[in-house]
$ cat target39.pdb   # PDB, C-alpha atoms
ATOM      1  CA  MET A 121      -5.906  -8.077  21.727
ATOM      2  CA  GLY A 122      -8.982  -6.906  23.600
ATOM      3  CA  LEU A 123     -11.001  -3.954  22.510
ATOM      4  CA  PHE A 124      -9.678  -1.784  25.350
ATOM      5  CA  SER A 125      -6.058  -2.938  25.240
ATOM      6  CA  PHE A 126      -3.561  -0.088  25.228
ATOM      7  CA  THR A 127      -1.545  -1.823  22.482
ATOM      8  CA  GLN A 128      -3.168  -2.617  19.152
ATOM      9  CA  ASP A 129      -1.636  -4.690  16.346
ATOM     10  CA  VAL A 130      -2.005  -3.506  12.762
ATOM     11  CA  ALA A 131      -0.744  -5.180   9.575
ATOM     12  CA  ILE A 132      -0.290  -2.901   6.567
ATOM     13  CA  ASP A 133       0.337  -3.526   2.889
ATOM     14  CA  LEU A 134       1.548  -0.053   1.944
ATOM     15  CA  GLY A 135       1.268  -0.361  -1.814
ATOM     16  CA  THR A 136       1.958   2.009  -4.668
ATOM     17  CA  ALA A 137      -1.596   1.593  -5.976
ATOM     18  CA  ASN A 138      -3.575   0.451  -2.913
ATOM     19  CA  THR A 139      -3.124   0.401   0.845
ATOM     20  CA  ILE A 140      -4.682  -2.494   2.747
ATOM     21  CA  ILE A 141      -4.852  -2.594   6.544
ATOM     22  CA  SER A 142      -5.684  -5.622   8.665
ATOM     23  CA  TYR A 143      -6.757  -5.196  12.291
ATOM     24  CA  ASN A 144      -7.504  -8.179  14.533
ATOM     25  CA  GLY A 145      -7.195 -10.410  11.485
ATOM     26  CA  LYS A 146      -9.861  -8.541   9.510
ATOM     27  CA  ILE A 147      -9.432  -6.238   6.514
ATOM     28  CA  VAL A 148     -10.601  -2.832   7.712
ATOM     29  CA  VAL A 149      -9.116  -0.587   4.997
ATOM     30  CA  ASP A 150      -8.682  -1.417   1.315
ATOM     31  CA  GLU A 151      -8.417   1.820  -0.620
ATOM     32  CA  PRO A 152      -6.257   3.550  -3.258
ATOM     33  CA  SER A 153      -2.976   5.045  -2.049
ATOM     34  CA  VAL A 154      -4.018   8.600  -2.818
ATOM     35  CA  VAL A 155      -4.347  11.678  -0.631
ATOM     36  CA  ALA A 156      -5.884  15.052  -1.495
ATOM     37  CA  ILE A 157      -4.605  18.252   0.126
ATOM     38  CA  ASP A 158      -5.640  21.888  -0.107
ATOM     39  CA  GLY A 159      -3.520  24.971  -0.626
ATOM     40  CA  GLN A 160      -2.694  25.072   3.102
ATOM     41  CA  LYS A 161      -1.231  21.537   2.920
ATOM     42  CA  LYS A 162      -4.127  20.152   4.939
ATOM     43  CA  MET A 163      -5.609  16.775   4.089
ATOM     44  CA  ILE A 164      -9.155  16.986   2.722
ATOM     45  CA  ALA A 165      -9.599  13.393   1.507
ATOM     46  CA  VAL A 166      -7.819  10.060   1.489
ATOM     47  CA  GLY A 167      -8.244   6.776  -0.320
ATOM     48  CA  GLU A 168     -11.271   6.285  -2.562
ATOM     49  CA  LYS A 169     -12.573   9.837  -2.092
ATOM     50  CA  ALA A 170      -9.190  11.260  -3.044
ATOM     51  CA  LYS A 171      -8.974   8.999  -6.093
ATOM     52  CA  GLN A 172     -12.326  10.264  -7.315
ATOM     53  CA  MET A 173     -10.759  13.733  -7.332
ATOM     54  CA  HIS A 174      -7.643  12.560  -9.196
ATOM     55  CA  GLU A 175      -7.114  14.399 -12.505
ATOM     56  CA  LYS A 176     -10.276  16.443 -11.808
ATOM     57  CA  THR A 177      -8.937  19.010  -9.348
ATOM     58  CA  ASN A 178      -8.850  22.796  -9.402
ATOM     59  CA  PRO A 179      -5.739  24.839  -8.505
ATOM     60  CA  ASN A 180      -6.727  24.836  -4.810
ATOM     61  CA  ILE A 181      -6.715  21.048  -4.523
ATOM     62  CA  GLN A 182      -3.869  18.647  -5.212
ATOM     63  CA  THR A 183      -4.092  14.861  -5.340
ATOM     64  CA  ILE A 184      -0.887  12.987  -4.544
ATOM     65  CA  ARG A 185       0.161   9.361  -4.821
ATOM     66  CA  PRO A 186       2.869   9.301  -2.135
ATOM     67  CA  LEU A 187       4.492   6.056  -3.314
ATOM     68  CA  ARG A 188       6.256   5.546  -6.600
ATOM     69  CA  ASP A 189       7.975   2.346  -7.738
ATOM     70  CA  GLY A 190       7.209   0.760  -4.386
ATOM     71  CA  VAL A 191       8.964   3.388  -2.261
ATOM     72  CA  ILE A 192       7.913   6.630  -0.597
ATOM     73  CA  ALA A 193       8.305   9.539  -2.995
ATOM     74  CA  ASP A 194       6.522  12.169  -0.866
ATOM     75  CA  PHE A 195       7.208  11.731   2.849
ATOM     76  CA  TYR A 196       4.747  14.362   4.097
ATOM     77  CA  ALA A 197       1.902  13.092   1.914
ATOM     78  CA  CYS A 198       2.597   9.501   2.941
ATOM     79  CA  GLU A 199       2.423  10.430   6.618
ATOM     80  CA  MET A 200      -0.894  12.221   6.097
ATOM     81  CA  MET A 201      -2.263   9.297   4.119
ATOM     82  CA  MET A 202      -1.306   6.771   6.784
ATOM     83  CA  ARG A 203      -2.839   8.953   9.485
ATOM     84  CA  GLY A 204      -6.041   9.213   7.474
ATOM     85  CA  PHE A 205      -6.280   5.458   7.001
ATOM     86  CA  ILE A 206      -5.492   4.678  10.638
ATOM     87  CA  GLU A 207      -8.214   7.089  11.759
ATOM     88  CA  LYS A 208     -10.660   4.955   9.781
ATOM     89  CA  VAL A 209      -9.781   1.931  11.911
ATOM     90  CA  ASN A 210     -11.975   1.699  15.012
ATOM     91  CA  MET A 211      -9.388   0.849  17.654
ATOM     92  CA  GLY A 212     -10.523   0.888  21.248
ATOM     93  CA  SER A 213     -12.153   3.617  23.267
ATOM     94  CA  LYS A 214     -12.309   7.191  22.053
ATOM     95  CA  LEU A 215     -11.138   8.230  25.535
ATOM     96  CA  PHE A 216      -7.530   7.344  24.724
ATOM     97  CA  THR A 217      -5.277   6.708  21.759
ATOM     98  CA  PRO A 218      -3.914   3.145  21.835
ATOM     99  CA  SER A 219      -0.265   2.360  21.178
ATOM    100  CA  LEU A 220       0.117   0.804  17.756
ATOM    101  CA  ARG A 221       2.383  -2.076  16.831
ATOM    102  CA  MET A 222       2.704  -2.271  13.058
ATOM    103  CA  VAL A 223       4.085  -4.764  10.595
ATOM    104  CA  ILE A 224       4.462  -3.215   7.131
ATOM    105  CA  GLY A 225       5.281  -4.934   3.843
ATOM    106  CA  VAL A 226       8.210  -3.384   1.956
ATOM    107  CA  PRO A 227       9.887  -4.250  -1.377
ATOM    108  CA  TYR A 228      12.822  -6.653  -1.167
ATOM    109  CA  GLY A 229      16.077  -4.837  -1.738
ATOM    110  CA  SER A 230      14.841  -1.571  -0.232
ATOM    111  CA  THR A 231      17.733   0.644   0.800
ATOM    112  CA  GLU A 232      18.326   1.737   4.392
ATOM    113  CA  VAL A 233      17.101   5.196   3.453
ATOM    114  CA  GLU A 234      13.870   3.767   2.030
ATOM    115  CA  LEU A 235      13.308   1.556   5.085
ATOM    116  CA  ARG A 236      13.899   4.546   7.355
ATOM    117  CA  ALA A 237      11.327   6.553   5.398
ATOM    118  CA  VAL A 238       8.726   3.821   5.971
ATOM    119  CA  ARG A 239       9.589   3.635   9.670
ATOM    120  CA  ASP A 240       9.460   7.409  10.133
ATOM    121  CA  SER A 241       6.124   7.679   8.322
ATOM    122  CA  ALA A 242       4.665   4.923  10.505
ATOM    123  CA  GLU A 243       5.963   6.516  13.712
ATOM    124  CA  HIS A 244       4.641   9.948  12.770
ATOM    125  CA  ALA A 245       1.293   8.312  12.012
ATOM    126  CA  GLY A 246       1.150   6.966  15.568
ATOM    127  CA  ALA A 247       3.061   3.674  15.650
ATOM    128  CA  ARG A 248       5.046   2.801  18.756
ATOM    129  CA  ASP A 249       6.741  -0.347  17.435
ATOM    130  CA  VAL A 250       7.386  -0.797  13.723
ATOM    131  CA  TYR A 251       8.367  -4.057  12.057
ATOM    132  CA  MET A 252       8.814  -4.696   8.367
ATOM    133  CA  ILE A 253       8.557  -7.763   6.181
ATOM    134  CA  PHE A 254       9.750  -8.099   2.622
ATOM    135  CA  GLU A 255       6.820  -8.329   0.233
ATOM    136  CA  PRO A 256       7.854 -11.585  -1.533
ATOM    137  CA  MET A 257       8.002 -13.292   1.874
ATOM    138  CA  ALA A 258       4.626 -11.828   2.844
ATOM    139  CA  ALA A 259       3.161 -12.914  -0.509
ATOM    140  CA  ALA A 260       4.422 -16.466   0.045
ATOM    141  CA  LEU A 261       2.888 -16.559   3.519
ATOM    142  CA  GLY A 262      -0.361 -15.132   2.167
ATOM    143  CA  ALA A 263      -0.416 -17.786  -0.569
ATOM    144  CA  GLY A 264      -0.251 -20.491   2.099
ATOM    145  CA  LEU A 265       3.333 -21.611   1.471
ATOM    146  CA  ASP A 266       5.554 -23.000   4.230
ATOM    147  CA  VAL A 267       8.384 -20.487   3.974
ATOM    148  CA  GLU A 268      10.418 -22.196   6.724
ATOM    149  CA  ALA A 269      10.465 -25.612   5.039
ATOM    150  CA  PRO A 270      13.756 -26.954   3.633
ATOM    151  CA  GLU A 271      12.461 -26.729   0.081
ATOM    152  CA  GLY A 272      12.189 -24.144  -2.635
ATOM    153  CA  ASN A 273       9.072 -22.027  -3.025
ATOM    154  CA  MET A 274       8.848 -19.405  -5.734
ATOM    155  CA  VAL A 275       6.595 -16.354  -5.803
ATOM    156  CA  ILE A 276       5.980 -13.464  -8.177
ATOM    157  CA  ASP A 277       4.445 -10.324  -6.697
ATOM    158  CA  ILE A 278       3.227  -7.899  -9.367
ATOM    159  CA  GLY A 279       2.148  -4.742  -7.573
ATOM    160  CA  GLY A 280       1.518  -1.201  -8.689
ATOM    161  CA  GLY A 281       5.102   0.051  -8.686
ATOM    162  CA  THR A 282       7.330  -3.028  -8.706
ATOM    163  CA  SER A 283       7.328  -6.669  -9.713
ATOM    164  CA  GLU A 284       9.349  -8.944  -7.457
ATOM    165  CA  ILE A 285      10.323 -12.516  -8.195
ATOM    166  CA  ALA A 286      11.862 -14.578  -5.402
ATOM    167  CA  CYS A 287      12.836 -18.102  -4.465
ATOM    168  CA  ILE A 288      12.338 -18.769  -0.758
ATOM    169  CA  SER A 289      13.738 -21.561   1.421
ATOM    170  CA  LEU A 290      14.282 -22.020   5.189
ATOM    171  CA  GLY A 291      12.799 -18.627   6.037
ATOM    172  CA  GLY A 292      15.057 -16.664   3.713
ATOM    173  CA  ILE A 293      15.119 -15.314   0.171
ATOM    174  CA  VAL A 294      17.698 -17.314  -1.779
ATOM    175  CA  CYS A 295      17.631 -15.362  -5.034
ATOM    176  CA  SER A 296      15.409 -12.634  -6.409
ATOM    177  CA  GLU A 297      14.872  -9.957  -9.011
ATOM    178  CA  SER A 298      12.986  -6.686  -8.617
ATOM    179  CA  ILE A 299      11.985  -4.562 -11.597
ATOM    180  CA  ASN A 300      10.025  -1.324 -11.887
ATOM    181  CA  VAL A 301       7.643  -2.899 -14.375
ATOM    182  CA  ALA A 302       4.237  -3.375 -12.815
ATOM    183  CA  GLY A 303       0.689  -2.017 -12.768
ATOM    184  CA  ASP A 304       1.596   1.650 -13.233
ATOM    185  CA  VAL A 305       3.786   0.857 -16.235
ATOM    186  CA  PHE A 306       1.029  -1.290 -17.759
ATOM    187  CA  THR A 307      -1.391   1.622 -17.360
ATOM    188  CA  ASN A 308       1.085   3.972 -19.035
ATOM    189  CA  ASP A 309       1.603   1.470 -21.874
ATOM    190  CA  ILE A 310      -2.138   1.519 -22.547
ATOM    191  CA  GLN A 311      -2.237   5.333 -22.563
ATOM    192  CA  ASN A 312       0.665   5.469 -25.023
ATOM    193  CA  TYR A 313      -0.836   2.815 -27.296
ATOM    194  CA  ILE A 314      -4.218   4.549 -27.533
ATOM    195  CA  ARG A 315      -2.535   7.892 -28.162
ATOM    196  CA  GLN A 316      -0.279   6.481 -30.908
ATOM    197  CA  GLN A 317      -2.658   4.035 -32.595
ATOM    198  CA  HIS A 318      -5.994   5.809 -32.207
ATOM    199  CA  GLY A 319      -4.959   9.449 -31.749
ATOM    200  CA  ILE A 320      -7.011   9.654 -28.557
ATOM    201  CA  LYS A 321      -5.892  11.267 -25.318
ATOM    202  CA  ILE A 322      -7.079   9.452 -22.183
ATOM    203  CA  GLY A 323      -6.347   9.893 -18.498
ATOM    204  CA  GLU A 324      -4.766   7.518 -16.031
ATOM    205  CA  ARG A 325      -8.107   6.463 -14.548
ATOM    206  CA  THR A 326      -9.581   5.473 -17.914
ATOM    207  CA  ALA A 327      -6.429   3.543 -18.845
ATOM    208  CA  GLU A 328      -6.609   1.699 -15.539
ATOM    209  CA  GLU A 329     -10.248   0.788 -16.172
ATOM    210  CA  ILE A 330      -9.269  -0.583 -19.585
ATOM    211  CA  LYS A 331      -6.464  -2.606 -18.000
ATOM    212  CA  CYS A 332      -8.809  -4.143 -15.444
ATOM    213  CA  ALA A 333     -11.512  -4.905 -18.028
ATOM    214  CA  ILE A 334      -9.525  -6.351 -20.950
ATOM    215  CA  GLY A 335      -5.866  -6.404 -19.872
ATOM    216  CA  ALA A 336      -4.297  -9.518 -21.399
ATOM    217  CA  ALA A 337      -0.845 -11.097 -21.599
ATOM    218  CA  VAL A 338      -1.497 -13.178 -24.727
ATOM    219  CA  PRO A 339      -3.276 -12.261 -27.996
ATOM    220  CA  GLU A 340      -5.528 -15.338 -27.911
ATOM    221  CA  LEU A 341      -7.670 -16.336 -24.937
ATOM    222  CA  GLU A 342     -10.114 -19.204 -24.492
ATOM    223  CA  ASN A 343     -12.588 -17.029 -22.624
ATOM    224  CA  GLU A 344     -12.545 -13.748 -24.503
ATOM    225  CA  PRO A 345     -13.676 -10.664 -22.574
ATOM    226  CA  GLU A 346     -16.126  -8.275 -24.183
ATOM    227  CA  ASP A 347     -14.686  -5.366 -26.125
ATOM    228  CA  TYR A 348     -14.255  -2.137 -24.200
ATOM    229  CA  VAL A 349     -15.945   0.989 -25.581
ATOM    230  CA  PHE A 350     -14.914   4.445 -24.440
ATOM    231  CA  THR A 351     -14.979   8.038 -25.628
ATOM    232  CA  GLY A 352     -11.961  10.319 -25.569
ATOM    233  CA  SER A 353     -10.652  13.529 -27.054
ATOM    234  CA  ASN A 354      -9.215  13.342 -30.562
ATOM    235  CA  MET A 355      -5.748  14.893 -30.369
ATOM    236  CA  LEU A 356      -6.041  16.623 -33.758
ATOM    237  CA  THR A 357      -9.590  17.940 -33.689
ATOM    238  CA  ASN A 358     -10.245  18.016 -29.915
ATOM    239  CA  LEU A 359     -13.662  16.573 -30.707
ATOM    240  CA  PRO A 360     -15.091  13.530 -28.867
ATOM    241  CA  GLN A 361     -14.362  10.200 -30.523
ATOM    242  CA  THR A 362     -15.643   6.758 -29.540
ATOM    243  CA  VAL A 363     -13.273   3.792 -29.805
ATOM    244  CA  THR A 364     -13.841   0.053 -29.396
ATOM    245  CA  LEU A 365     -10.861  -1.877 -28.012
ATOM    246  CA  ASN A 366     -10.358  -5.629 -27.870
ATOM    247  CA  TYR A 367      -8.066  -7.553 -25.554
ATOM    248  CA  SER A 368      -5.635  -8.487 -28.357
ATOM    249  CA  GLU A 369      -4.748  -4.823 -28.782
ATOM    250  CA  ILE A 370      -3.990  -4.512 -25.072
ATOM    251  CA  ALA A 371      -1.839  -7.652 -25.210
ATOM    252  CA  TYR A 372       0.139  -5.966 -27.979
ATOM    253  CA  ALA A 373       0.414  -2.751 -25.945
ATOM    254  CA  LEU A 374       1.758  -4.636 -22.910
ATOM    255  CA  GLU A 375       4.137  -6.917 -24.804
ATOM    256  CA  GLY A 376       7.284  -4.848 -24.225
ATOM    257  CA  SER A 377       6.775  -4.586 -20.481
ATOM    258  CA  LEU A 378       5.746  -8.233 -20.110
ATOM    259  CA  ALA A 379       8.921  -9.236 -21.977
ATOM    260  CA  GLN A 380      10.933  -7.541 -19.208
ATOM    261  CA  LEU A 381       9.000  -9.597 -16.650
ATOM    262  CA  ASP A 382       9.838 -12.749 -18.644
ATOM    263  CA  GLU A 383      13.510 -11.793 -18.606
ATOM    264  CA  ALA A 384      13.566 -11.200 -14.841
ATOM    265  CA  LEU A 385      11.851 -14.549 -14.257
ATOM    266  CA  MET A 386      14.409 -16.377 -16.390
ATOM    267  CA  GLN A 387      17.215 -14.649 -14.471
ATOM    268  CA  VAL A 388      15.910 -15.937 -11.131
ATOM    269  CA  LEU A 389      15.541 -19.447 -12.550
ATOM    270  CA  SER A 390      19.128 -19.203 -13.795
ATOM    271  CA  ASP A 391      20.417 -18.125 -10.362
ATOM    272  CA  MET A 392      18.479 -20.799  -8.469
ATOM    273  CA  PRO A 393      20.396 -23.760  -6.943
ATOM    274  CA  ALA A 394      19.637 -27.071  -8.676
ATOM    275  CA  GLU A 395      17.913 -28.715  -5.696
ATOM    276  CA  LEU A 396      15.605 -25.744  -5.199
ATOM    277  CA  TYR A 397      14.854 -25.697  -8.923
ATOM    278  CA  SER A 398      13.616 -29.278  -8.629
ATOM    279  CA  ASP A 399      11.290 -28.207  -5.815
ATOM    280  CA  VAL A 400       9.909 -25.358  -7.922
ATOM    281  CA  VAL A 401       9.253 -27.737 -10.813
ATOM    282  CA  LYS A 402       7.284 -29.921  -8.384
ATOM    283  CA  ASN A 403       5.477 -27.142  -6.464
ATOM    284  CA  GLY A 404       4.945 -24.590  -9.216
ATOM    285  CA  VAL A 405       5.155 -20.800  -8.966
ATOM    286  CA  TYR A 406       2.607 -18.623  -7.153
ATOM    287  CA  ILE A 407       1.604 -15.193  -8.441
ATOM    288  CA  ALA A 408       0.243 -12.475  -6.149
ATOM    289  CA  GLY A 409      -0.575  -8.777  -6.475
ATOM    290  CA  GLY A 410      -2.946  -6.967  -8.800
ATOM    291  CA  GLY A 411      -0.909  -7.943 -11.856
ATOM    292  CA  ALA A 412      -1.875 -11.573 -11.251
ATOM    293  CA  LEU A 413      -5.330 -10.683 -12.597
ATOM    294  CA  ILE A 414      -4.038  -9.923 -16.106
ATOM    295  CA  LYS A 415      -5.812 -12.410 -18.343
ATOM    296  CA  GLY A 416      -3.649 -15.165 -19.802
ATOM    297  CA  LEU A 417      -0.604 -14.372 -17.649
ATOM    298  CA  THR A 418      -0.227 -17.905 -16.295
ATOM    299  CA  LYS A 419      -0.459 -19.320 -19.834
ATOM    300  CA  ARG A 420       2.185 -16.912 -21.101
ATOM    301  CA  LEU A 421       4.627 -17.736 -18.297
ATOM    302  CA  SER A 422       3.987 -21.482 -18.529
ATOM    303  CA  ASP A 423       4.679 -21.420 -22.255
ATOM    304  CA  LYS A 424       7.916 -19.501 -21.628
ATOM    305  CA  THR A 425       9.277 -21.706 -18.841
ATOM    306  CA  GLY A 426       7.491 -25.058 -18.880
ATOM    307  CA  LEU A 427       6.596 -24.574 -15.188
ATOM    308  CA  GLN A 428       3.177 -24.592 -13.555
ATOM    309  CA  PHE A 429       1.898 -21.202 -12.394
ATOM    310  CA  HIS A 430      -0.836 -20.690  -9.808
ATOM    311  CA  ILE A 431      -2.761 -17.518  -8.934
ATOM    312  CA  ALA A 432      -2.784 -17.046  -5.159
ATOM    313  CA  GLU A 433      -6.201 -16.952  -3.550
ATOM    314  CA  ASP A 434      -7.440 -13.343  -3.559
ATOM    315  CA  PRO A 435      -4.074 -12.154  -4.979
ATOM    316  CA  LEU A 436      -4.743  -8.475  -4.230
ATOM    317  CA  ARG A 437      -4.759  -9.244  -0.496
ATOM    318  CA  ALA A 438      -2.074 -11.937  -0.367
ATOM    319  CA  ILE A 439       0.571  -9.583   1.045
ATOM    320  CA  VAL A 440      -1.606  -8.210   3.837
ATOM    321  CA  ARG A 441      -2.664 -11.785   4.741
ATOM    322  CA  GLY A 442       0.984 -12.767   5.001
ATOM    323  CA  THR A 443       1.829  -9.597   6.906
ATOM    324  CA  ASN A 444      -0.965 -10.321   9.370
ATOM    325  CA  LEU A 445       0.264 -13.903   9.795
ATOM    326  CA  ALA A 446       3.748 -12.607  10.563
ATOM    327  CA  LEU A 447       2.253 -10.161  13.059
ATOM    328  CA  LYS A 448       0.551 -13.000  14.915
ATOM    329  CA  ASN A 449       3.742 -15.078  15.005
ATOM    330  CA  MET A 450       6.461 -12.499  15.658
ATOM    331  CA  ASP A 451       8.454 -14.804  17.924
ATOM    332  CA  ARG A 452       8.498 -17.516  15.279
ATOM    333  CA  TYR A 453       9.543 -15.578  12.193
ATOM    334  CA  SER A 454      13.126 -14.382  12.387
ATOM    335  CA  PHE A 455      12.924 -12.654   8.985
ATOM    336  CA  LEU A 456      10.893  -9.758  10.397
ATOM    337  CA  ILE A 457      12.872  -6.511  10.416
ATOM    338  CA  ARG A 458      12.703  -4.514  13.640
ATOM    339  CA  ALA A 459      12.800  -0.864  12.704
TER     340      ALA A 459
END
$ encode --input "target39.pdb" --output "structure tokens"
Amino acid sequence: MGLFSFTQDVAIDLGTANTIISYNGKIVVDEPSVVAIDGQKKMIAVGEKAKQMHEKTNPNIQTIRPLRDGVIADFYACEMMMRGFIEKVNMGSKLFTPSLRMVIGVPYGSTEVELRAVRDSAEHAGARDVYMIFEPMAAALGAGLDVEAPEGNMVIDIGGGTSEIACISLGGIVCSESINVAGDVFTNDIQNYIRQQHGIKIGERTAEEIKCAIGAAVPELENEPEDYVFTGSNMLTNLPQTVTLNYSEIAYALEGSLAQLDEALMQVLSDMPAELYSDVVKNGVYIAGGGALIKGLTKRLSDKTGLQFHIAEDPLRAIVRGTNLALKNMDRYSFLIRA
């Protein structure tokens, strides 16, 4: 589309943790899915600026994460957040507002009510035409898989609110599992572990930083990350206390949640037709989403299943890459949902 076209195409990965927007094939927004509003319900910040305010606000400011478990939990906040992000995209002349055609990634198995909430939020944010694509399909496209081929391709998308495991063949999802065990749950596991084992109270942001720095899926790694040192409030004395964490502790903290991911994966493998299973053994399984960056995850899953696991290139942006590819080839991909 030309710069002054009246219709502009936008691909959006509307994630629980981060929202990524692609315009003309380029990533133009990649920020946390957080919006800050004042007492008059007016937006005062969105994305990274709003996240910096998170858990540090006064009574006149509220920070909201509009999506929970992969679906819209606060419709009004989601609409404001999408408007704020779209305003950051430089689309055409300032003399007019272009019509927007959007393709948005949504969790597989979303209900009609949830899909309608996404559509309504997009329309209120300025979209004229809204299409949706299921996130496992978008992740497969973003990982470079031929989703229309007569063979089985398997993907795991571990986002902020949900983890989705799917086997794809001939442009459709053959079997899948979706569980509400993902990045947010891992963060909460770390908070609980540090509170129970060290008697230290930490916030969501600190727990997330720990997860990114030393989050691990196995207690023994070849390339060990450096220990993480932080200071928190002792729950008994309320005095500052410094703690040194190693990755093995985090692996222990995440074990229960990762076991649920193992179980969901085994369920999909059990439901998979024999011929597609053979393809997956040959092609391996691709992992996308922020959870793919957990250290040792591929080793853990390979040991559990005997299959080969591959991290998609730039896994955090795999869904928006696939969404953008679908946007460019709307006539070709019949699995797009017209809202």
$ closest_residue --input "target39.pdb" --among "A:Arg325, A:Arg420, A:Arg441, A:Arg315" --to "Asn354 in chain A" --atoms "only C-alpha atoms"
A:Arg315
$ resolve_selection --input "target39.pdb" --expression "the PyMOL selection byres ((chain A and resi 427) around 10)" --output "number ranges by chain"
A: 400-405, 418-419, 421-426, 428-430
$ closest_residue --input "target39.pdb" --among "A:Ile310, A:Leu445, A:Val349, A:Leu385" --to "Thr362 in chain A" --atoms "all atoms listed in the file"
A:Val349
$ resolve_selection --input "target39.pdb" --expression "the PyMOL selection byres ((chain A and resi 255-267) around 7)" --output "ChimeraX atom specification"
/A:225-228,253-254,268-269,275,277,284,286,288-291,408,432-433,438-439,441-443
$ residues_around --input "target39.pdb" --residues "Val166 in chain A" --least-positions-apart "2" --cutoff "6 Å" --atoms "only C-alpha atoms" --output "ChimeraX atom specification"
/A:154-155,169-170
$ atom_distance --input "target39.pdb" --atom1 "CA of Tyr196 in chain A" --atom2 "CA of Phe306 in chain A"
27.1 Å
$ atom_distance --input "target39.pdb" --atom1 "CA of Ile147 in chain A" --atom2 "CA of Ala165 in chain A"
20.3 Å
$ residues_around --input "target39.pdb" --residues "range 336-341 of chain A" --least-positions-apart "5" --cutoff "10 Å" --atoms "all atoms listed in the file" --output "compact mmCIF listing (two decimals) with C-alpha atoms, keeping the file's coordinate frame"
# COMPACT_ATOMS: atom_id res chain seq x y z
CA LYS A 331 -6.46 -2.61 -18.00
CA ASN A 366 -10.36 -5.63 -27.87
CA TYR A 367 -8.07 -7.55 -25.55
CA SER A 368 -5.64 -8.49 -28.36
CA GLU A 369 -4.75 -4.82 -28.78
CA ILE A 370 -3.99 -4.51 -25.07
CA ALA A 371 -1.84 -7.65 -25.21
CA TYR A 372 0.14 -5.97 -27.98
CA ALA A 373 0.41 -2.75 -25.94
CA LEU A 374 1.76 -4.64 -22.91
CA GLU A 375 4.14 -6.92 -24.80
CA LEU A 378 5.75 -8.23 -20.11
CA ALA A 379 8.92 -9.24 -21.98
CA LEU A 413 -5.33 -10.68 -12.60
CA ILE A 414 -4.04 -9.92 -16.11
CA LYS A 415 -5.81 -12.41 -18.34
CA GLY A 416 -3.65 -15.16 -19.80
CA LEU A 417 -0.60 -14.37 -17.65
CA THR A 418 -0.23 -17.90 -16.30
CA LYS A 419 -0.46 -19.32 -19.83
CA ARG A 420 2.18 -16.91 -21.10
CA LEU A 421 4.63 -17.74 -18.30
$ resolve_selection --input "target39.pdb" --expression "the PyMOL selection byres ((chain A and resi 177-190) around 10)" --output "number ranges by chain"
A: 134-138, 152-167, 170-176, 191-201, 226-228, 230, 234, 279-283, 299-305
$ closest_residue --input "target39.pdb" --among "A:Met202, A:Ile314, A:Val440, A:Leu220" --to "Ala327 in chain A" --atoms "all atoms listed in the file"
A:Ile314
$ atom_distance --input "target39.pdb" --atom1 "CA of Ile224 in chain A" --atom2 "CA of Met392 in chain A"
27.4 Å
